[in-house]
Amino acid sequence: MPLPKQRHSKARGRKRRTHWKLKKTNLITCPQCKHPRLPHHACSVCGYYNGKQVVTIKTKEKKKDKRQ
């Protein structure tokens with residue numbers, strides 16, 4: 001494995017690392033339920049994509065109190 005002959009300066013390494021950024025996620029609002037979702041993905045809240053329901057979303061049922 002080759003080793004560097006001379007040490008790189010801090011500025012040179014930092015210049016190389018300037019493009020190591022995270023990009024903000026591009027969210028759009030769902031036309032059915034108005035929740036934010038990723039573009040070109042089915043909505044995780046209502047299950048609609050392109051005006052059609054493509055995924056059925058299961059809702060959790062509330063647990064009944066056993067104390068009563």
# chains A, B, ... in the order shown; residues from 1 in each chain; ligands from 1

call {"tool": "residues_around", "arguments": {"residues": "Ala42 of chain A", "least_positions_apart": "6", "cutoff": "12 Å", "atoms": "only C-alpha atoms", "output": "list in words"}}
result
Ile28, Thr29, Cys30, Pro31, Gln32, Cys33, His35, Pro36, Tyr48, Tyr49, Asn50, Gly51, Lys52, Gln53, Val54, Val55, Thr56 and Ile57 of chain A

call {"tool": "select_by_dssp", "arguments": {"residues": "chain A", "states": "alpha helix (DSSP H)", "output": "list in words"}}
result
Lys10, Ala11, Arg12, Gly13, Arg14, Lys15 and Arg16 of chain A

call {"tool": "write_last_selection", "arguments": {"atoms": "C-alpha atoms", "output": "short mmCIF file (atom, residue, chain, number, x, y, z; two decimals), in the first residue's frame"}}
result
data_model
loop_
_atom_site.label_atom_id
_atom_site.label_comp_id
_atom_site.auth_asym_id
_atom_site.auth_seq_id
_atom_site.Cartn_x
_atom_site.Cartn_y
_atom_site.Cartn_z
CA LYS A 10 -4.97 21.09 6.99
CA ALA A 11 -6.29 23.54 4.41
CA ARG A 12 -5.78 21.07 1.58
CA GLY A 13 -7.70 18.36 3.39
CA ARG A 14 -10.48 20.78 4.34
CA LYS A 15 -10.79 22.00 0.74
CA ARG A 16 -11.34 18.41 -0.34
#

call {"tool": "atom_distance", "arguments": {"atom1": "atom CA of Cys43 of chain A", "atom2": "atom CA of Leu27 of chain A"}}
result
11.2 Å

call {"tool": "select_by_dssp", "arguments": {"residues": "chain A", "states": "strand (DSSP E or B)", "output": "MDAnalysis selection string"}}
result
chainID A and resid 28:29 36:37 48:49 52:53

call {"tool": "atom_distance", "arguments": {"atom1": "atom CA of Thr18 of chain A", "atom2": "atom CA of Arg37 of chain A"}}
result
29.2 Å

call {"tool": "atom_distance", "arguments": {"atom1": "atom CA of Leu38 of chain A", "atom2": "atom CA of Lys23 of chain A"}}
result
13.8 Å

call {"tool": "decode", "arguments": {"residues": "segment 43-58 of chain A", "atoms": "all heavy atoms", "output": "JSON list (two decimals), in the first residue's frame"}}
result
[["chain", "number", "residue", "atom", "x", "y", "z"],
["A", 43, "CYS", "N", -47.86, 7.79, -0.31],
["A", 43, "CYS", "CA", -47.98, 8.45, 0.99],
["A", 43, "CYS", "C", -48.05, 7.38, 2.09],
["A", 43, "CYS", "O", -48.79, 6.41, 1.98],
["A", 43, "CYS", "CB", -49.22, 9.32, 1.02],
["A", 43, "CYS", "SG", -49.44, 10.20, 2.57],
["A", 44, "SER", "N", -47.28, 7.58, 3.14],
["A", 44, "SER", "CA", -47.26, 6.60, 4.23],
["A", 44, "SER", "C", -48.44, 6.77, 5.17],
["A", 44, "SER", "O", -48.70, 5.90, 5.99],
["A", 44, "SER", "CB", -45.95, 6.70, 5.01],
["A", 44, "SER", "OG", -45.82, 8.00, 5.56],
["A", 45, "VAL", "N", -49.17, 7.87, 5.07],
["A", 45, "VAL", "CA", -50.31, 8.12, 5.95],
["A", 45, "VAL", "C", -51.60, 7.59, 5.34],
["A", 45, "VAL", "O", -52.34, 6.87, 5.99],
["A", 45, "VAL", "CB", -50.43, 9.64, 6.25],
["A", 45, "VAL", "CG1", -51.63, 9.92, 7.12],
["A", 45, "VAL", "CG2", -49.16, 10.14, 6.92],
["A", 46, "CYS", "N", -51.85, 7.95, 4.06],
["A", 46, "CYS", "CA", -53.12, 7.54, 3.45],
["A", 46, "CYS", "C", -52.96, 6.44, 2.40],
["A", 46, "CYS", "O", -53.93, 5.79, 2.04],
["A", 46, "CYS", "CB", -53.81, 8.75, 2.83],
["A", 46, "CYS", "SG", -52.91, 9.52, 1.48],
["A", 47, "GLY", "N", -51.75, 6.22, 1.86],
["A", 47, "GLY", "CA", -51.51, 5.15, 0.91],
["A", 47, "GLY", "C", -51.82, 5.50, -0.54],
["A", 47, "GLY", "O", -51.85, 4.63, -1.39],
["A", 48, "TYR", "N", -52.03, 6.78, -0.84],
["A", 48, "TYR", "CA", -52.35, 7.20, -2.21],
["A", 48, "TYR", "C", -51.08, 7.56, -2.98],
["A", 48, "TYR", "O", -50.11, 8.05, -2.42],
["A", 48, "TYR", "CB", -53.27, 8.42, -2.18],
["A", 48, "TYR", "CG", -54.72, 8.05, -2.06],
["A", 48, "TYR", "CD1", -55.25, 7.67, -0.84],
["A", 48, "TYR", "CD2", -55.57, 8.09, -3.15],
["A", 48, "TYR", "CE1", -56.58, 7.33, -0.70],
["A", 48, "TYR", "CE2", -56.90, 7.77, -3.04],
["A", 48, "TYR", "CZ", -57.41, 7.39, -1.82],
["A", 48, "TYR", "OH", -58.73, 7.06, -1.71],
["A", 49, "TYR", "N", -51.13, 7.30, -4.29],
["A", 49, "TYR", "CA", -50.07, 7.73, -5.21],
["A", 49, "TYR", "C", -50.71, 8.04, -6.54],
["A", 49, "TYR", "O", -51.45, 7.21, -7.08],
["A", 49, "TYR", "CB", -48.99, 6.65, -5.38],
["A", 49, "TYR", "CG", -47.89, 7.06, -6.33],
["A", 49, "TYR", "CD1", -46.94, 7.99, -5.94],
["A", 49, "TYR", "CD2", -47.83, 6.56, -7.61],
["A", 49, "TYR", "CE1", -45.95, 8.39, -6.81],
["A", 49, "TYR", "CE2", -46.84, 6.95, -8.49],
["A", 49, "TYR", "CZ", -45.90, 7.87, -8.07],
["A", 49, "TYR", "OH", -44.91, 8.27, -8.95],
["A", 50, "ASN", "N", -50.48, 9.22, -7.04],
["A", 50, "ASN", "CA", -51.00, 9.66, -8.34],
["A", 50, "ASN", "C", -52.53, 9.58, -8.40],
["A", 50, "ASN", "O", -53.11, 9.18, -9.39],
["A", 50, "ASN", "CB", -50.37, 8.83, -9.47],
["A", 50, "ASN", "CG", -50.45, 9.52, -10.80],
["A", 50, "ASN", "OD1", -50.68, 10.72, -10.86],
["A", 50, "ASN", "ND2", -50.25, 8.77, -11.87],
["A", 51, "GLY", "N", -53.18, 9.93, -7.29],
["A", 51, "GLY", "CA", -54.64, 9.96, -7.24],
["A", 51, "GLY", "C", -55.31, 8.62, -7.04],
["A", 51, "GLY", "O", -56.53, 8.53, -7.06],
["A", 52, "LYS", "N", -54.53, 7.55, -6.87],
["A", 52, "LYS", "CA", -55.11, 6.21, -6.68],
["A", 52, "LYS", "C", -54.56, 5.62, -5.38],
["A", 52, "LYS", "O", -53.41, 5.83, -5.03],
["A", 52, "LYS", "CB", -54.73, 5.29, -7.83],
["A", 52, "LYS", "CG", -55.20, 5.78, -9.17],
["A", 52, "LYS", "CD", -54.61, 4.92, -10.27],
["A", 52, "LYS", "CE", -54.83, 5.60, -11.61],
["A", 52, "LYS", "NZ", -53.92, 5.13, -12.62],
["A", 53, "GLN", "N", -55.37, 4.83, -4.70],
["A", 53, "GLN", "CA", -54.90, 4.17, -3.50],
["A", 53, "GLN", "C", -54.14, 2.91, -3.91],
["A", 53, "GLN", "O", -54.70, 2.00, -4.51],
["A", 53, "GLN", "CB", -56.05, 3.81, -2.56],
["A", 53, "GLN", "CG", -55.52, 3.28, -1.24],
["A", 53, "GLN", "CD", -56.57, 3.26, -0.17],
["A", 53, "GLN", "OE1", -57.75, 3.44, -0.44],
["A", 53, "GLN", "NE2", -56.15, 3.04, 1.05],
["A", 54, "VAL", "N", -52.86, 2.87, -3.59],
["A", 54, "VAL", "CA", -52.01, 1.75, -4.00],
["A", 54, "VAL", "C", -51.59, 0.90, -2.81],
["A", 54, "VAL", "O", -51.17, -0.24, -2.98],
["A", 54, "VAL", "CB", -50.77, 2.24, -4.77],
["A", 54, "VAL", "CG1", -51.17, 2.84, -6.10],
["A", 54, "VAL", "CG2", -49.98, 3.24, -3.97],
["A", 55, "VAL", "N", -51.68, 1.45, -1.60],
["A", 55, "VAL", "CA", -51.28, 0.73, -0.40],
["A", 55, "VAL", "C", -52.42, 0.86, 0.61],
["A", 55, "VAL", "O", -52.95, 1.95, 0.83],
["A", 55, "VAL", "CB", -49.98, 1.33, 0.20],
["A", 55, "VAL", "CG1", -49.57, 0.60, 1.46],
["A", 55, "VAL", "CG2", -48.87, 1.29, -0.81],
["A", 56, "THR", "N", -52.79, -0.26, 1.22],
["A", 56, "THR", "CA", -53.79, -0.18, 2.28],
["A", 56, "THR", "C", -53.05, -0.01, 3.60],
["A", 56, "THR", "O", -52.14, -0.78, 3.91],
["A", 56, "THR", "CB", -54.66, -1.45, 2.33],
["A", 56, "THR", "OG1", -53.81, -2.58, 2.45],
["A", 56, "THR", "CG2", -55.49, -1.57, 1.07],
["A", 57, "ILE", "N", -53.43, 1.00, 4.34],
["A", 57, "ILE", "CA", -52.77, 1.32, 5.60],
["A", 57, "ILE", "C", -53.58, 0.70, 6.73],
["A", 57, "ILE", "O", -54.79, 0.92, 6.85],
["A", 57, "ILE", "CB", -52.68, 2.85, 5.79],
["A", 57, "ILE", "CG1", -51.98, 3.50, 4.60],
["A", 57, "ILE", "CG2", -51.97, 3.19, 7.07],
["A", 57, "ILE", "CD1", -50.55, 3.09, 4.40],
["A", 58, "LYS", "N", -52.91, -0.08, 7.55],
["A", 58, "LYS", "CA", -53.56, -0.68, 8.70],
["A", 58, "LYS", "C", -53.50, 0.31, 9.86],
["A", 58, "LYS", "O", -52.46, 0.89, 10.14],
["A", 58, "LYS", "CB", -52.87, -1.97, 9.11],
["A", 58, "LYS", "CG", -52.97, -3.07, 8.07],
["A", 58, "LYS", "CD", -52.24, -4.31, 8.53],
["A", 58, "LYS", "CE", -52.28, -5.37, 7.48],
["A", 58, "LYS", "NZ", -51.52, -6.56, 7.88]]
